[in-house]
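J.: I'd like to ask some things about the structure below.
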Amino acid sequence: MAAHTIGELRRAEYRVQPIKAELRRNLIRKLQAGERLFPGIVGYEDSVIPQLENALLAGQDIVLLGERGQAKSRLVRSLTSLLDEAVPAIAGCEINDNPYAPICRRCRDLVAERGDETPIAWLGAEDRYGEKLATPDTSIADLIGEVDPIRVAEGRYLSDELVIHYGLVPRTNRGIFAINELPDLAERIQVGLLNIIEERDVQIRGFRIRLPLDVFVVATANPEDYTNRGRIITPLKDRFGAQVRTHYPRSVDDEIAIAEQERVVFDDMPVPVHIPQHMKEIAVEITHLARRHPQINQRSGVSVRVTTANYESLTSSALRRALITGEKEAVVRISDLAAVTPSTAGKVELDTWDGTEDDQVLDKVVRSACSNVFRRHFSAQELADLVQRFDQGAFTVEVGPLMTTESFRQALDELPGLDRARQKLDEPDTPASTVAVLEFLLEGLHLGKRLNKTALEGTAVYGA
Ligand SMILES: [Zn+2]
């Protein structure tokens, strides 16, 4: 349908629906067709998504409560997939006026003058989505509007609402307005926001304007901020029909799936890098331990982005080794874990007394993660023959991020049980993968107090 005027639209019997009815209609159609509503969102199938769908079916505005890195923004943005591909609005309108019932002064005048000949434009889904990160500086002008001094200077009559420059909420009329970190809005601005979405009229610098907007509002907030007394005015809280709590991935597999999906992948990898499953589990375990750590600030949370960034750092460390040594096979191993400190440190807030302890906290988290994952796969008993080989005297293995596969030759030849362990971990039968298994065993046995580890300059030596 390509109507160009209000008259053509009328003759085509086009019906304009309120935004919530439109979202609901498209949701119903997708649910009936068995379509996936939030592609790329992992781990919310039985928790967050049903609640969101119920709220949308009920026509409720939504506030998503969750700590950082719980895909809140992505959920909000994917709501645009529930908008019609295109809807008609009066052409040139700043607030997407409904062709049959314009609310802005300009369009009311235009329709009065031109009637069915009034031109219309078709708006795509992306044109009907507005997003704002709330800060203490966010103003009424940003959200609602401001008297435009240029228009006043042009000699417009001051009592004329044509002098208003509209803010983001009116510009999202007949669409989705998303406000992130809602509690960061000053109380005065919250009142303004409430007035425009609930009372449907606004005061701007003494101009009182009736603006019956049709907006679907979705907000996000940190749960602690949102429930803190005084951070959100009660009537605004009441406006949200549904409060949906997001969460971190509940299973290791979900978190691995998210990291694999989100990590940056370059298509010009000079050497392919393999991340063994046990190293993926360690990366996830680091994040999970950080989420329970008493010295890590849990109010803001530990994002899935920590896991993703650590994945990327581990990959890079293995690639760097291959580039420097000239090896053709790059497999992530325990020695590469030194690379996760920089990618973790900036993303967690430590509650230590002085900064020098920070690295120690992270170091301990990494060691605990290795130990936990090791114990999930192996008992010390099943590696008794390997430990015995060390005990037989003078056997040591030196490890380090820049050591080549070839430098492990003696260990690969002489230590018993490596192939068995490699098969158990389901790793490919290649020298570099076997070295990765070897390092995992050595570190696990060391953390279980079966082997000693002596740190040297940039390397370490395991021995009896
Ligand atoms: Zn208009």
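Labeling convention for the structure tokens: chains A, B, ... as they appear, residues from 1 per chain, ligands from 1 in order of appearance.
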Near stretch 316-325 of chain A, counting only C-alpha atoms, which residues have an atom at most 12 Å away, once you skip same-chain residues fewer than 2 positions from it, shown as a ChimeraX atom specification?

T.: /A:263-266,268-276,279,309-314,327-340,343,400-407,432-433,436

J.: Within 9 Å of ligand 1 (counting only C-alpha atoms and all ligand atoms), which residues show up? I'd like them as a list in words.

T.: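 With only C-alpha atoms and all ligand atoms and a cut-off of 9 Å, ligand 1 is contacted by Ala89, Ile90, Ala91, Gly92, Cys93, Glu94, Ile95, Asn96, Asp97, Asn98, Pro99, Pro102, Ile103, Cys104, Arg105, Arg106, Cys107, Arg108 and Leu110 of chain A.
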
J.: Dump C-alpha atoms for the selected residues as a tab-separated table (two decimals), in the first residue's frame?

T.:
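This is the output file part_9.tsv:
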```tsv
chain	number	residue	atom	x	y	z
A	89	ALA	CA	1.96	9.75	9.68
A	90	ILE	CA	1.34	13.26	8.49
A	91	ALA	CA	4.34	14.18	6.35
A	92	GLY	CA	6.78	16.57	8.00
A	93	CYS	CA	5.28	16.22	11.49
A	94	GLU	CA	7.82	16.34	14.32
A	95	ILE	CA	5.75	14.02	16.48
A	96	ASN	CA	4.54	11.40	13.98
A	97	ASP	CA	0.96	12.58	14.00
A	98	ASN	CA	-1.83	10.12	13.29
A	99	PRO	CA	-3.24	11.20	9.91
A	102	PRO	CA	-3.36	14.97	14.55
A	103	ILE	CA	-2.46	16.51	17.90
A	104	CYS	CA	0.16	19.09	17.04
A	105	ARG	CA	-0.83	22.58	16.07
A	106	ARG	CA	0.98	22.49	12.75
A	107	CYS	CA	-0.83	19.37	11.56
A	108	ARG	CA	-4.23	20.43	12.86
A	110	LEU	CA	-2.59	21.70	7.84
```

J.: Find the spatial neighbours of A:Glu154, counting only C-alpha atoms, within a cut-off of 12 Å - ignore same-chain residues fewer than 6 positions away - and output them as a tab-separated table (two decimals) with N, CA and C atoms, in the first residue's frame.

T.:
```tsv
chain	number	residue	atom	x	y	z
A	148	ASP	N	11.73	27.37	21.51
A	148	ASP	CA	12.83	27.57	20.59
A	148	ASP	C	13.04	29.06	20.33
A	162	LEU	N	3.59	26.62	18.28
A	162	LEU	CA	4.55	26.40	17.20
A	162	LEU	C	5.98	26.78	17.60
A	163	VAL	N	6.13	27.51	18.71
A	163	VAL	CA	7.49	27.88	19.12
A	163	VAL	C	8.17	26.77	19.92
```

J.: Give me, as a PyMOL selection string, all polymer residues having an atom no more than 9 Å from A:Val42, counting only C-alpha atoms and skipping those fewer than 2 positions away in the same chain.

T.: chain A and resi 38-40+44-45+249+254-255+257-258

J.: Save the residues we just selected, N, CA and C atoms, as an mmCIF file, in the first residue's frame?

T.:
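result23.cif was written with the following content:
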```
data_model
loop_
_atom_site.group_PDB
_atom_site.id
_atom_site.type_symbol
_atom_site.label_atom_id
_atom_site.label_comp_id
_atom_site.auth_asym_id
_atom_site.auth_seq_id
_atom_site.Cartn_x
_atom_site.Cartn_y
_atom_site.Cartn_z
ATOM 1 N N PHE A 38 12.897 -12.990 20.555
ATOM 2 C CA PHE A 38 14.110 -12.272 20.935
ATOM 3 C C PHE A 38 15.321 -13.064 20.476
ATOM 4 N N PRO A 39 15.599 -13.064 19.175
ATOM 5 C CA PRO A 39 16.741 -13.841 18.692
ATOM 6 C C PRO A 39 18.037 -13.300 19.300
ATOM 7 N N GLY A 40 18.938 -14.200 19.663
ATOM 8 C CA GLY A 40 20.208 -13.759 20.231
ATOM 9 C C GLY A 40 20.177 -13.568 21.737
ATOM 10 N N TYR A 44 16.956 -16.729 28.825
ATOM 11 C CA TYR A 44 15.773 -16.074 29.399
ATOM 12 C C TYR A 44 14.477 -16.757 28.975
ATOM 13 N N GLU A 45 14.591 -17.926 28.336
ATOM 14 C CA GLU A 45 13.417 -18.574 27.740
ATOM 15 C C GLU A 45 12.326 -18.859 28.763
ATOM 16 N N PRO A 249 23.269 -15.420 33.403
ATOM 17 C CA PRO A 249 23.022 -16.783 32.921
ATOM 18 C C PRO A 249 23.069 -17.763 34.086
ATOM 19 N N ASP A 254 25.007 -21.679 29.138
ATOM 20 C CA ASP A 254 24.386 -20.442 28.641
ATOM 21 C C ASP A 254 25.420 -19.324 28.557
ATOM 22 N N GLU A 255 26.259 -19.245 29.593
ATOM 23 C CA GLU A 255 27.227 -18.146 29.594
ATOM 24 C C GLU A 255 28.289 -18.356 28.510
ATOM 25 N N ALA A 257 27.681 -19.880 25.694
ATOM 26 C CA ALA A 257 26.980 -19.575 24.433
ATOM 27 C C ALA A 257 26.936 -18.065 24.186
ATOM 28 N N ILE A 258 26.700 -17.295 25.244
ATOM 29 C CA ILE A 258 26.636 -15.838 25.083
ATOM 30 C C ILE A 258 28.015 -15.290 24.698
#
```

J.: Which residues, written as a count of residues only, have at least one atom at most 10 Å from A:Ala125, with only C-alpha atoms counted and residues fewer than 4 positions away on the same chain left out?

T.: 12

J.: From the set A:Lys280, A:Arg239, A:Arg36, A:Lys347, which residue has the shortest atom-to-atom contact distance to A:Val306, counting only C-alpha atoms?

T.: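 When distances to A:Val306 are compared using only C-alpha atoms, the smallest one comes from A:Lys347.
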
J.: Grab the atom CA of A:Leu52 to atom CA of A:Lys132 distance for me, in Å with one decimal place.

T.: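 For atom CA of A:Leu52 relative to atom CA of A:Lys132, the distance reads 20.4 Å.
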
J.: Excluding same-chain residues fewer than 2 positions from A:Val218, what lies within 6 Å of it counting only C-alpha atoms, as a CSV table (one decimal) with N, CA and C atoms, in the first residue's frame?

T.:
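The resulting out_29.csv:
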```csv
chain,number,residue,atom,x,y,z
A,61,ASP,N,3.1,-0.9,30.4
A,61,ASP,CA,4.5,-0.4,30.3
A,61,ASP,C,5.4,-1.2,31.2
A,62,ILE,N,6.7,-1.3,30.9
A,62,ILE,CA,7.5,-2.3,31.5
A,62,ILE,C,8.8,-1.6,32.1
A,63,VAL,N,9.2,-2.0,33.3
A,63,VAL,CA,10.5,-1.6,33.8
A,63,VAL,C,11.3,-2.9,34.0
A,178,ALA,N,12.3,4.4,25.3
A,178,ALA,CA,13.1,3.6,26.3
A,178,ALA,C,14.0,4.6,27.1
```

J.: Just give me the gap between atom CA of A:Arg231 and atom CA of A:Thr352 in Å, one decimal is fine.

T.: 27.5 Å

J.: Considering only C-alpha atoms, return as a ChimeraX atom specification whatever protein or nucleic-acid residues lie within 9 Å of A:Ala55, sequence-local ones (same chain, fewer than 5 positions apart) excluded.

T.: /A:50,60-62,241-243

J.: Only N, CA and C atoms, please: the residues just picked out, written as a CSV table (one decimal), in the first residue's frame.

T.:
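Okay, this is what ended up in out-v4.csv:
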```csv
chain,number,residue,atom,x,y,z
A,50,PRO,N,8.8,-15.0,29.1
A,50,PRO,CA,7.4,-15.1,29.4
A,50,PRO,C,6.8,-13.9,30.1
A,60,GLN,N,0.9,-3.4,29.1
A,60,GLN,CA,1.5,-2.7,30.2
A,60,GLN,C,2.8,-2.1,29.8
A,61,ASP,N,3.1,-0.9,30.4
A,61,ASP,CA,4.5,-0.4,30.3
A,61,ASP,C,5.4,-1.2,31.2
A,62,ILE,N,6.7,-1.3,30.9
A,62,ILE,CA,7.5,-2.3,31.5
A,62,ILE,C,8.8,-1.6,32.1
A,241,GLY,N,3.2,-1.1,34.5
A,241,GLY,CA,2.3,-2.3,34.9
A,241,GLY,C,3.1,-3.5,35.2
A,242,ALA,N,4.3,-3.6,34.6
A,242,ALA,CA,5.1,-4.8,34.9
A,242,ALA,C,6.5,-4.5,35.2
A,243,GLN,N,7.0,-5.2,36.3
A,243,GLN,CA,8.3,-5.0,36.7
A,243,GLN,C,9.0,-6.4,36.5
```

J.: Write out as a PyMOL selection string all residues of stretch 169-413 of chain A that DSSP puts in helix (DSSP H, G or I) for this structure's backbone.

T.: chain A and resi 169-171+182-184+187-199+223-227+234-239+252-262+277-290+304-325+334-345+356-377+381-391+405-413
